[in-house]
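File shown: run_12.txt. Contents: compact mmCIF, C-alpha atoms and all ligand atoms.
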# COMPACT_ATOMS: atom_id res chain seq x y z
CA MET A 28 -4.00 -39.18 1.27
CA ASP A 29 -2.71 -40.59 -2.02
CA MET A 30 0.47 -42.15 -3.34
CA THR A 31 2.19 -40.87 -6.48
CA ASP A 32 4.33 -43.02 -8.79
CA SER A 33 7.48 -40.93 -8.88
CA GLN A 34 7.59 -40.22 -5.15
CA SER A 35 7.53 -42.69 -2.32
CA ALA A 36 5.93 -40.50 0.34
CA ILE A 37 2.25 -40.27 1.16
CA ARG A 38 0.99 -36.84 0.17
CA ILE A 39 -1.07 -35.66 3.13
CA ASP A 40 -4.27 -34.00 1.94
CA GLY A 41 -4.78 -31.17 4.43
CA LYS A 42 -7.62 -29.75 2.37
CA LEU A 43 -9.61 -32.96 2.72
CA PHE A 44 -8.72 -33.34 6.40
CA ALA A 45 -9.85 -29.75 7.06
CA ALA A 46 -13.11 -30.30 5.12
CA ASN A 47 -13.86 -33.41 7.22
CA LEU A 48 -13.03 -31.48 10.38
CA ARG A 49 -15.46 -28.70 9.37
CA SER A 50 -18.21 -31.30 8.77
CA LYS A 51 -17.64 -32.68 12.27
CA LEU A 52 -17.67 -29.12 13.63
CA ALA A 53 -20.97 -28.39 11.88
CA ALA A 54 -22.51 -31.47 13.53
CA ALA A 55 -21.08 -30.43 16.91
CA VAL A 56 -22.38 -26.86 16.56
CA SER A 57 -25.84 -28.11 15.70
CA ALA A 58 -25.79 -30.52 18.69
CA THR A 59 -24.58 -27.68 20.92
CA LYS A 60 -27.52 -25.49 19.92
CA GLU A 61 -29.94 -28.31 20.62
CA LYS A 62 -28.42 -29.57 23.86
CA HIS A 63 -27.04 -26.40 25.44
CA GLY A 64 -29.04 -23.64 23.75
CA PHE A 65 -26.23 -21.41 22.54
CA THR A 66 -24.50 -20.71 19.23
CA PRO A 67 -20.72 -20.23 19.24
CA GLY A 68 -19.81 -16.78 17.91
CA LEU A 69 -16.56 -15.52 16.39
CA ALA A 70 -15.69 -11.82 15.98
CA VAL A 71 -12.97 -10.89 13.49
CA VAL A 72 -11.47 -7.40 13.37
CA LEU A 73 -9.61 -6.17 10.29
CA VAL A 74 -7.83 -2.83 10.36
CA GLY A 75 -6.84 -1.44 6.95
CA ASP A 76 -7.20 -2.88 3.48
CA ASP A 77 -4.28 -5.26 3.04
CA PRO A 78 -5.51 -7.49 0.18
CA ALA A 79 -4.17 -10.77 1.63
CA SER A 80 -5.74 -10.02 5.03
CA ASP A 81 -9.00 -9.16 3.29
CA VAL A 82 -9.04 -12.58 1.60
CA TYR A 83 -8.33 -14.35 4.92
CA VAL A 84 -11.04 -12.44 6.78
CA THR A 85 -13.62 -13.07 4.06
CA SER A 86 -12.86 -16.75 4.05
CA LYS A 87 -12.92 -16.95 7.85
CA GLY A 88 -16.38 -15.35 7.88
CA LYS A 89 -17.67 -17.70 5.19
CA GLN A 90 -16.38 -20.86 6.89
CA THR A 91 -17.65 -19.69 10.30
CA LYS A 92 -21.18 -19.37 8.91
CA GLU A 93 -20.90 -22.66 7.01
CA VAL A 94 -20.39 -24.61 10.25
CA GLY A 95 -23.39 -22.84 11.78
CA MET A 96 -21.54 -20.42 14.06
CA ASN A 97 -22.31 -16.72 14.34
CA SER A 98 -19.83 -14.51 12.51
CA LEU A 99 -19.24 -10.84 13.33
CA GLU A 100 -16.91 -8.82 11.12
CA PHE A 101 -15.48 -5.40 11.92
CA ARG A 102 -13.63 -3.70 9.06
CA LEU A 103 -11.94 -0.52 10.25
CA PRO A 104 -9.98 2.04 8.21
CA ASP A 105 -6.18 1.95 8.54
CA THR A 106 -6.31 5.35 10.24
CA THR A 107 -8.19 3.89 13.23
CA SER A 108 -6.40 4.78 16.48
CA GLN A 109 -5.01 2.15 18.79
CA ALA A 110 -7.35 3.41 21.52
CA ALA A 111 -10.38 2.84 19.28
CA ILE A 112 -9.24 -0.70 18.43
CA LEU A 113 -8.67 -1.51 22.10
CA ALA A 114 -12.10 -0.08 22.95
CA LEU A 115 -13.72 -2.35 20.36
CA VAL A 116 -11.81 -5.36 21.73
CA GLN A 117 -13.02 -4.47 25.23
CA GLU A 118 -16.62 -4.30 23.97
CA LEU A 119 -16.21 -7.75 22.40
CA ASN A 120 -14.64 -9.09 25.62
CA GLU A 121 -17.84 -8.08 27.41
CA ASN A 122 -20.29 -9.32 24.75
CA PRO A 123 -21.72 -12.68 25.94
CA ASP A 124 -22.61 -13.71 22.37
CA VAL A 125 -18.96 -13.47 21.30
CA HIS A 126 -16.88 -16.51 22.30
CA GLY A 127 -13.83 -15.89 20.15
CA ILE A 128 -12.02 -12.69 19.15
CA LEU A 129 -9.43 -12.48 16.40
CA VAL A 130 -7.68 -9.32 15.30
CA GLN A 131 -6.15 -9.95 11.88
CA PHE A 132 -2.40 -9.25 11.77
CA PRO A 133 -0.51 -7.33 10.58
CA VAL A 134 -2.03 -4.19 12.09
CA PRO A 135 -0.91 -0.73 10.82
CA ASP A 136 2.44 0.57 12.13
CA HIS A 137 0.87 3.02 14.60
CA VAL A 138 -0.83 0.14 16.43
CA SER A 139 1.11 -2.09 18.83
CA GLN A 140 0.52 -5.76 18.07
CA GLU A 141 1.47 -6.58 21.66
CA ALA A 142 -1.10 -4.16 23.07
CA VAL A 143 -3.80 -5.73 20.90
CA ILE A 144 -2.84 -9.29 21.91
CA GLU A 145 -2.85 -8.37 25.60
CA ALA A 146 -6.23 -6.58 25.34
CA ILE A 147 -8.07 -9.72 24.23
CA ALA A 148 -9.60 -11.64 27.15
CA PRO A 149 -7.53 -14.87 27.41
CA ASP A 150 -10.71 -16.97 27.52
CA LYS A 151 -11.78 -15.53 24.13
CA ASP A 152 -8.28 -15.59 22.58
CA VAL A 153 -8.94 -18.07 19.76
CA ASP A 154 -5.58 -17.20 18.14
CA GLY A 155 -3.85 -18.46 21.29
CA LEU A 156 -1.36 -15.59 21.25
CA HIS A 157 -2.06 -14.03 24.67
CA PRO A 158 0.92 -14.60 27.01
CA ILE A 159 -1.44 -16.24 29.51
CA ASN A 160 -2.38 -18.85 26.91
CA ALA A 161 1.26 -19.29 25.81
CA GLY A 162 2.17 -19.80 29.48
CA ARG A 163 -0.70 -22.21 30.05
CA LEU A 164 0.35 -24.21 26.99
CA ALA A 165 3.96 -24.33 28.23
CA SER A 166 2.78 -25.32 31.72
CA GLY A 167 0.65 -28.20 30.46
CA PHE A 168 -2.56 -26.51 31.72
CA ALA A 169 -5.84 -26.32 29.79
CA ALA A 170 -4.89 -23.85 27.07
CA MET A 171 -5.71 -22.38 23.71
CA ALA A 172 -3.23 -23.52 21.08
CA PRO A 173 -2.63 -21.19 18.12
CA CYS A 174 -4.51 -22.39 15.04
CA THR A 175 -1.72 -23.37 12.61
CA PRO A 176 0.19 -25.27 15.33
CA LEU A 177 -3.01 -27.10 16.35
CA GLY A 178 -3.60 -28.05 12.70
CA THR A 179 0.00 -29.26 12.38
CA LEU A 180 -0.42 -31.44 15.47
CA MET A 181 -3.71 -32.89 14.22
CA LEU A 182 -2.08 -34.01 10.94
CA ALA A 183 0.86 -35.56 12.83
CA ARG A 184 -1.52 -37.44 15.17
CA ASP A 185 -3.55 -38.61 12.20
CA HIS A 186 -0.42 -40.03 10.56
CA PHE A 187 1.35 -41.62 13.53
CA GLY A 188 -1.35 -42.07 16.16
CA ASP A 189 0.81 -42.04 19.28
CA LEU A 190 3.64 -39.50 18.95
CA SER A 191 5.32 -40.52 22.20
CA GLY A 192 9.10 -40.84 21.95
CA LYS A 193 9.35 -39.47 18.41
CA HIS A 194 12.06 -36.90 17.80
CA ALA A 195 10.38 -33.74 16.47
CA VAL A 196 12.66 -31.10 14.98
CA ILE A 197 10.95 -27.74 14.56
CA VAL A 198 12.75 -25.25 12.33
CA GLY A 199 11.49 -21.79 13.36
CA ARG A 200 10.81 -20.29 16.80
CA SER A 201 8.17 -17.60 16.26
CA ASN A 202 5.48 -17.07 18.91
CA LEU A 203 2.85 -17.70 16.24
CA VAL A 204 4.17 -20.96 14.82
CA GLY A 205 7.49 -22.50 15.89
CA LYS A 206 7.30 -22.15 19.69
CA PRO A 207 3.71 -23.37 20.11
CA ILE A 208 4.33 -26.30 17.74
CA ALA A 209 7.30 -27.27 19.93
CA GLN A 210 5.13 -27.02 23.06
CA LEU A 211 2.39 -29.13 21.50
CA PHE A 212 4.80 -31.88 20.47
CA LEU A 213 6.37 -31.79 23.93
CA ARG A 214 2.90 -32.30 25.45
CA GLU A 215 2.61 -35.38 23.21
CA ASN A 216 5.83 -36.74 24.77
CA CYS A 217 8.01 -36.14 21.75
CA THR A 218 11.69 -35.32 22.16
CA VAL A 219 11.76 -31.80 20.76
CA THR A 220 14.54 -29.83 19.13
CA ILE A 221 13.91 -26.21 18.18
CA ALA A 222 16.16 -24.85 15.43
CA HIS A 223 16.44 -21.27 14.16
CA SER A 224 18.61 -18.92 12.16
CA ARG A 225 21.60 -19.28 14.51
CA THR A 226 21.48 -23.09 14.62
CA GLN A 227 24.72 -24.74 13.55
CA ASP A 228 24.67 -27.55 10.99
CA LEU A 229 20.92 -27.41 10.49
CA PRO A 230 20.88 -30.24 7.88
CA ALA A 231 22.46 -32.67 10.39
CA ILE A 232 19.89 -31.74 13.04
CA CYS A 233 17.00 -32.11 10.60
CA ARG A 234 18.30 -35.56 9.61
CA GLN A 235 17.63 -36.74 13.18
CA ALA A 236 13.93 -35.95 12.94
CA ASP A 237 11.15 -38.53 12.93
CA ILE A 238 8.88 -35.50 12.52
CA LEU A 239 10.41 -32.54 10.70
CA VAL A 240 8.46 -29.28 10.83
CA ALA A 241 9.57 -26.38 8.63
CA ALA A 242 8.21 -23.00 9.74
CA VAL A 243 10.77 -20.58 8.40
CA GLY A 244 9.43 -18.55 5.49
CA ARG A 245 12.31 -19.39 3.11
CA GLU A 246 11.32 -21.07 -0.11
CA GLU A 247 12.43 -24.70 -0.45
CA MET A 248 15.20 -24.28 2.12
CA VAL A 249 14.87 -27.83 3.49
CA ARG A 250 16.40 -30.18 0.92
CA GLY A 251 15.84 -33.90 0.36
CA ASP A 252 19.15 -34.87 1.98
CA TRP A 253 18.08 -33.10 5.22
CA VAL A 254 15.29 -35.65 5.64
CA LYS A 255 15.70 -38.94 7.52
CA PRO A 256 14.33 -41.85 5.47
CA GLY A 257 10.77 -42.55 6.60
CA ALA A 258 10.31 -39.21 8.40
CA LEU A 259 7.05 -37.28 8.48
CA VAL A 260 7.62 -33.83 6.93
CA LEU A 261 5.21 -31.04 7.85
CA ASP A 262 5.75 -27.91 5.76
CA VAL A 263 4.18 -24.83 7.36
CA GLY A 264 5.91 -22.33 5.06
CA ILE A 265 3.97 -20.28 2.55
CA ASN A 266 6.17 -18.43 0.07
CA ARG A 267 4.93 -16.66 -3.05
CA ILE A 268 7.45 -16.85 -5.87
CA ALA A 269 7.62 -15.85 -9.53
CA ALA A 270 6.43 -18.56 -11.90
CA PRO A 271 8.01 -17.78 -15.30
CA GLU A 272 7.06 -21.30 -16.49
CA ARG A 273 3.41 -20.23 -16.45
CA GLY A 274 4.18 -17.55 -19.03
CA ASP A 275 1.39 -15.31 -17.71
CA GLY A 276 3.35 -13.18 -15.23
CA LYS A 277 1.58 -14.87 -12.34
CA THR A 278 3.14 -16.21 -9.14
CA ARG A 279 2.81 -19.52 -7.33
CA LEU A 280 3.06 -20.76 -3.74
CA VAL A 281 5.83 -22.99 -2.47
CA GLY A 282 6.70 -24.22 0.98
CA ASP A 283 9.89 -24.18 3.03
CA VAL A 284 10.66 -27.73 1.85
CA ALA A 285 11.89 -28.80 -1.60
CA TYR A 286 8.84 -31.00 -2.07
CA ALA A 287 9.91 -33.49 -4.76
CA GLU A 288 13.31 -34.13 -3.16
CA ALA A 289 11.84 -34.58 0.32
CA ALA A 290 8.97 -36.74 -0.93
CA ALA A 291 11.49 -39.21 -2.36
CA VAL A 292 12.85 -39.82 1.16
CA ALA A 293 10.01 -39.14 3.63
CA SER A 294 7.20 -41.55 4.51
CA ALA A 295 4.64 -38.73 4.35
CA ILE A 296 4.71 -35.03 3.55
CA THR A 297 2.33 -32.08 3.41
CA PRO A 298 2.26 -30.20 0.09
CA VAL A 299 2.09 -26.42 -0.32
CA PRO A 300 -0.57 -25.41 -1.09
CA GLY A 301 -3.10 -27.91 0.26
CA GLY A 302 -1.27 -29.21 3.33
CA ILE A 303 -1.06 -27.29 6.61
CA GLY A 304 -2.59 -24.10 5.14
CA PRO A 305 -6.25 -25.25 5.02
CA MET A 306 -6.00 -26.49 8.61
CA THR A 307 -5.60 -22.98 10.03
CA ILE A 308 -9.18 -21.73 9.62
CA ALA A 309 -10.65 -25.13 10.51
CA CYS A 310 -8.66 -24.99 13.77
CA LEU A 311 -9.77 -21.41 14.40
CA LEU A 312 -13.33 -22.78 14.38
CA CYS A 313 -12.27 -25.65 16.68
CA ASN A 314 -10.87 -23.06 19.08
CA THR A 315 -14.08 -21.02 18.92
CA LEU A 316 -16.12 -24.12 19.82
CA THR A 317 -13.71 -24.81 22.68
CA THR A 318 -13.87 -21.28 24.12
CA SER A 319 -17.66 -21.26 23.81
CA TYR A 320 -17.85 -24.44 25.90
CA ARG A 321 -15.42 -23.15 28.52
CA LEU A 322 -17.25 -19.80 28.74
CA HIS A 323 -20.47 -21.73 29.40
CA GLY A 324 -18.80 -23.80 32.12
CA LEU A 325 -18.78 -26.97 29.99
CA ASP A 326 -15.89 -29.33 29.24
CA PRO A 327 -14.71 -28.76 25.65
CA LEU A 328 -15.18 -31.57 23.13
CA PRO A 329 -11.88 -33.51 23.08
CA GLU A 330 -11.67 -34.13 19.33
CA PHE A 331 -11.46 -30.39 18.65
CA THR A 332 -8.91 -29.41 21.24
CA ILE A 333 -5.56 -30.41 22.76
P1 LIG A 401 8.78 -15.65 11.31
O1 LIG A 401 9.51 -14.85 10.29
O2 LIG A 401 8.15 -14.99 12.47
O3 LIG A 401 9.80 -16.74 11.91
C1 LIG A 401 10.67 -17.45 11.09
C2 LIG A 401 11.56 -18.36 11.90
O4 LIG A 401 12.44 -19.02 11.00
C3 LIG A 401 12.41 -17.60 12.92
O5 LIG A 401 12.43 -18.28 14.15
C4 LIG A 401 13.80 -17.60 12.26
O6 LIG A 401 14.87 -17.69 13.18
C5 LIG A 401 13.77 -18.89 11.46
N1 LIG A 401 14.70 -18.81 10.34
C6 LIG A 401 14.81 -17.82 9.43
N2 LIG A 401 15.80 -18.08 8.56
C7 LIG A 401 16.33 -19.27 8.94
C8 LIG A 401 17.39 -20.09 8.47
N3 LIG A 401 18.11 -19.74 7.41
N4 LIG A 401 17.65 -21.24 9.11
C9 LIG A 401 16.93 -21.61 10.18
N5 LIG A 401 15.92 -20.89 10.69
C10 LIG A 401 15.63 -19.74 10.08
O7 LIG A 401 7.74 -16.52 10.51
P2 LIG A 401 6.41 -17.31 11.03
O8 LIG A 401 6.81 -18.26 12.09
O9 LIG A 401 5.32 -16.36 11.27
O10 LIG A 401 6.04 -18.10 9.72
C11 LIG A 401 6.89 -19.11 9.19
C12 LIG A 401 6.33 -19.58 7.86
O11 LIG A 401 5.05 -20.15 8.07
C13 LIG A 401 6.11 -18.46 6.84
O12 LIG A 401 6.37 -18.97 5.55
C14 LIG A 401 4.64 -18.13 6.97
O13 LIG A 401 4.10 -17.61 5.78
C15 LIG A 401 4.09 -19.50 7.24
N6 LIG A 401 2.80 -19.48 7.97
C16 LIG A 401 1.84 -20.31 7.53
C17 LIG A 401 0.62 -20.36 8.14
C18 LIG A 401 -0.40 -21.32 7.63
O14 LIG A 401 -1.57 -21.11 7.79
N7 LIG A 401 -0.01 -22.44 7.02
C19 LIG A 401 0.28 -19.49 9.26
C20 LIG A 401 1.41 -18.71 9.74
C21 LIG A 401 2.62 -18.70 9.08
P3 LIG A 401 15.24 -16.49 14.22
O15 LIG A 401 14.21 -16.59 15.31
O16 LIG A 401 16.60 -16.87 14.66
O17 LIG A 401 15.16 -15.23 13.44

Go ahead and express the file in the form of structure tokens.
Ligand code: NDP
Amino acid sequence: MDMTDSQSAIRIDGKLFAANLRSKLAAAVSATKEKHGFTPGLAVVLVGDDPASDVYVTSKGKQTKEVGMNSLEFRLPDTTSQAAILALVQELNENPDVHGILVQFPVPDHVSQEAVIEAIAPDKDVDGLHPINAGRLASGFAAMAPCTPLGTLMLARDHFGDLSGKHAVIVGRSNLVGKPIAQLFLRENCTVTIAHSRTQDLPAICRQADILVAAVGREEMVRGDWVKPGALVLDVGINRIAAPERGDGKTRLVGDVAYAEAAAVASAITPVPGGIGPMTIACLLCNTLTTSYRLHGLDPLPEFTI
């Protein structure tokens, strides 16, 4: 974390936090091999050649190997049938060397995302998207939290320590991000408000937040005067916009929060890029370590799970 002159808020360095987390994971993986005699393994399936997905999958594979885990990659053409994808998932469900399975979304239109999510064995569902895991999370049972929400929670815990009693306002209610973040903060004894596109007077609701999470997908929608003085602002949004100021026709990434305005009011804020984003893959690896322990009948290591 560092302080800047023109803004009062602490700028939370998610990149550094994620790098430290990966170092701790590497030590834990090495200790696991020594003590328990197995190596956690993650299988990633990519269907089609979407360039953004390709970048994610490549970087997932690289970071998996860097922490000492086994990485399996399956790159299938976009013409692959749903039946063939489900058959591969089934094979991975049965493979004892695979502890985590991730199918990169989006999948091509002829493939049902729901069918793919439901085909993955819940105890290998490192994305935490299977309805059994969503239900377990909501029920307060041992569960698999989706990666970005887990990363968001880790940064909030790092900032505040105990989150009990804080009012967390989550803007966004997707199954991937908003809903599981709300469940995680509820588990931490926060008072949780979930806002969405039909919410009335969103700025007034956001102004009540001790922890304001923006997971909307609308560039700089959350303005400085939506932020309660001293709040923690966690910006999950990733929006690619034109950057005429660069003069090279290139684009740049911005979050769902107007960063400079919010940073003048908040006590701490995550930037985009470099805030929540880098936490996602690190938490995918945390989840893979957790599933590998559970599949071997061991208690997962608490610092890497909920
Ligand atoms: P979705 O499009 O699935 O969900 C967006 C949510 O925002 C919906 O619940 C929607 O409400 C709500 N919303 C849309 N417009 C408004 C509005 N004007 N006011 C209030 N709420 C609104 O997106 P995701 O949840 O998948 O992703 C959200 C953002 O997070 C995106 O920018 C995405 O790129 C980013 N992301 C980042 C990740 C990371 O690694 N950091 C990982 C995953 C996502 P409603 O339900 O009513 O339609």

**Report entry** Within 6 Å of ligand LIG 401 (chain A), counting all atoms listed in the file, residues as a PyMOL selection string
**Finding:** chain A and resi 175+198-201+203-205+223-225+242-244+263-266+303-304+307

Report task. One decimal, Å: what's the distance from atom CA of Arg234 of chain A over to atom CA of Gly282 of chain A, could you say? Result ->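 For atom CA of Arg234 of chain A relative to atom CA of Gly282 of chain A, the distance reads 18.4 Å.
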
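Atom CA of Asp76 of chain A to atom CA of Gln131 of chain A spans 11.0 Å [interatomic distance, one decimal].
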
Query raised in the report: So which residues fall inside 7 Å of (13.3, -38.5, 2.8) if we count all atoms listed in the file? Mind giving them as number ranges by chain?
Result: A: 251-252, 254-258, 289-293

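For the point (-3.3, 7.4, 6.9), the residues with at least one atom inside 12 Å, counting all atoms listed in the file, are Val74, Gly75, Asp76, Pro104, Asp105, Thr106, Thr107, Ser108, Pro135, Asp136 and His137 of chain A.
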
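Taking atom CA of Ser57 of chain A and atom CA of Leu129 of chain A as endpoints, the distance between them is 22.7 Å.
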
Report task. Excluding Cys313 of chain A and residues on its chain fewer than 2 positions from it, collect all residues at most 9 Å away from it, counting all atoms listed in the file, and give them as a ChimeraX atom specification. Result -> /A:48-49,52,153,174,308-311,315-318,330-332

Query - Of the listed residues A:Ala241, A:Ala222, A:Met248, A:Leu312, that which approaches Ala45 of chain A most closely, counting all atoms listed in the file - result: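 Smallest separation from Ala45 of chain A among the options: A:Leu312.
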
Query raised in the report: If you count all atoms listed in the file, which residues fall within 7 Å of Arg250 of chain A, apart from same-chain ones fewer than 5 positions away, as JSON, numbers by chain?
Result: {"A": [284, 285, 288, 289]}

Under the rule of at most 12 Å, produce a per-residue listing of segment 119-140 of chain A near segment 322-325 of chain A: chain, number, name, the closest pair of atoms, and the distance in Å, as JSON lines, using all atoms listed in the file.
{"residue": "A:Asn120", "atom": "CA", "partner": "A:Leu322", "partner_atom": "CA", "distance": 11.5}
{"residue": "A:Glu121", "atom": "CA", "partner": "A:Leu322", "partner_atom": "CA", "distance": 11.8}
{"residue": "A:Asn122", "atom": "CA", "partner": "A:Leu322", "partner_atom": "CA", "distance": 11.6}
{"residue": "A:Pro123", "atom": "CA", "partner": "A:Leu322", "partner_atom": "CA", "distance": 8.9}
{"residue": "A:Asp124", "atom": "CA", "partner": "A:Leu322", "partner_atom": "CA", "distance": 10.3}
{"residue": "A:Val125", "atom": "CA", "partner": "A:Leu322", "partner_atom": "CA", "distance": 9.9}
{"residue": "A:His126", "atom": "CA", "partner": "A:Leu322", "partner_atom": "CA", "distance": 7.2}
{"residue": "A:Gly127", "atom": "CA", "partner": "A:Leu322", "partner_atom": "CA", "distance": 10.0}

Requested in this report: Point out the residue among A:Pro207, A:Pro133, A:Pro298, A:Gly41 with the least atom-to-atom distance to Arg163 of chain A, counting all atoms listed in the file.
Outcome: A:Pro207

Can you save segment 175-253 of chain A of the given block to a file, including C-alpha atoms and formatted as a CSV table (one decimal), in the first residue's frame?
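Output contents, as saved in selection-v2.csv:
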chain,number,residue,atom,x,y,z
A,175,THR,CA,-12.7,-12.9,-7.5
A,176,PRO,CA,-15.1,-12.7,-4.5
A,177,LEU,CA,-12.5,-14.6,-2.3
A,178,GLY,CA,-9.8,-12.1,-3.4
A,179,THR,CA,-12.1,-9.2,-2.7
A,180,LEU,CA,-12.8,-10.5,0.8
A,181,MET,CA,-9.0,-11.1,1.5
A,182,LEU,CA,-8.2,-7.5,0.7
A,183,ALA,CA,-11.1,-6.2,2.9
A,184,ARG,CA,-9.9,-8.5,5.8
A,185,ASP,CA,-6.3,-7.2,5.3
A,186,HIS,CA,-7.5,-3.6,5.5
A,187,PHE,CA,-10.0,-3.8,8.4
A,188,GLY,CA,-9.1,-7.0,10.2
A,189,ASP,CA,-12.5,-7.8,11.8
A,190,LEU,CA,-15.3,-6.9,9.4
A,191,SER,CA,-18.0,-7.6,12.0
A,192,GLY,CA,-20.8,-5.0,12.0
A,193,LYS,CA,-19.5,-3.1,9.0
A,194,HIS,CA,-22.2,-2.1,6.4
A,195,ALA,CA,-21.1,-3.6,3.1
A,196,VAL,CA,-22.9,-2.3,0.0
A,197,ILE,CA,-22.4,-4.5,-3.0
A,198,VAL,CA,-23.4,-3.0,-6.4
A,199,GLY,CA,-24.0,-6.0,-8.7
A,200,ARG,CA,-25.8,-9.3,-8.2
A,201,SER,CA,-24.2,-11.7,-10.7
A,202,ASN,CA,-23.7,-15.3,-9.7
A,203,LEU,CA,-20.0,-14.9,-10.5
A,204,VAL,CA,-19.3,-11.8,-8.5
A,205,GLY,CA,-22.0,-9.8,-6.7
A,206,LYS,CA,-24.0,-12.6,-5.0
A,207,PRO,CA,-21.0,-14.5,-3.7
A,208,ILE,CA,-19.3,-11.3,-2.4
A,209,ALA,CA,-22.5,-10.6,-0.5
A,210,GLN,CA,-22.5,-14.1,0.9
A,211,LEU,CA,-18.9,-13.8,2.0
A,212,PHE,CA,-19.4,-10.5,3.7
A,213,LEU,CA,-22.5,-11.9,5.4
A,214,ARG,CA,-20.4,-14.8,6.7
A,215,GLU,CA,-18.0,-12.1,8.2
A,216,ASN,CA,-21.0,-10.6,10.1
A,217,CYS,CA,-21.3,-7.5,7.9
A,218,THR,CA,-24.7,-5.9,7.4
A,219,VAL,CA,-25.1,-6.4,3.7
A,220,THR,CA,-27.0,-4.5,1.1
A,221,ILE,CA,-27.1,-5.8,-2.5
A,222,ALA,CA,-27.9,-3.2,-5.2
A,223,HIS,CA,-28.5,-3.7,-8.9
A,224,SER,CA,-29.9,-2.0,-12.0
A,225,ARG,CA,-33.4,-1.6,-10.5
A,226,THR,CA,-32.2,-0.1,-7.2
A,227,GLN,CA,-33.6,3.3,-6.4
A,228,ASP,CA,-31.4,6.2,-5.4
A,229,LEU,CA,-28.2,4.1,-5.7
A,230,PRO,CA,-25.9,7.1,-4.6
A,231,ALA,CA,-27.7,7.4,-1.3
A,232,ILE,CA,-27.4,3.7,-0.6
A,233,CYS,CA,-23.7,3.7,-1.5
A,234,ARG,CA,-23.2,6.6,0.8
A,235,GLN,CA,-24.2,4.3,3.7
A,236,ALA,CA,-21.3,1.9,3.0
A,237,ASP,CA,-18.4,1.3,5.3
A,238,ILE,CA,-17.3,-1.1,2.5
A,239,LEU,CA,-18.4,-0.3,-1.0
A,240,VAL,CA,-18.0,-2.9,-3.6
A,241,ALA,CA,-18.6,-2.0,-7.3
A,242,ALA,CA,-19.1,-5.0,-9.5
A,243,VAL,CA,-21.2,-3.6,-12.4
A,244,GLY,CA,-19.2,-3.4,-15.6
A,245,ARG,CA,-20.0,0.3,-16.2
A,246,GLU,CA,-17.0,2.6,-16.4
A,247,GLU,CA,-16.5,5.0,-13.6
A,248,MET,CA,-20.2,4.8,-12.6
A,249,VAL,CA,-19.6,5.3,-8.9
A,250,ARG,CA,-18.7,8.9,-8.3
A,251,GLY,CA,-16.8,10.5,-5.4
A,252,ASP,CA,-20.0,11.9,-3.8
A,253,TRP,CA,-21.4,8.3,-3.6
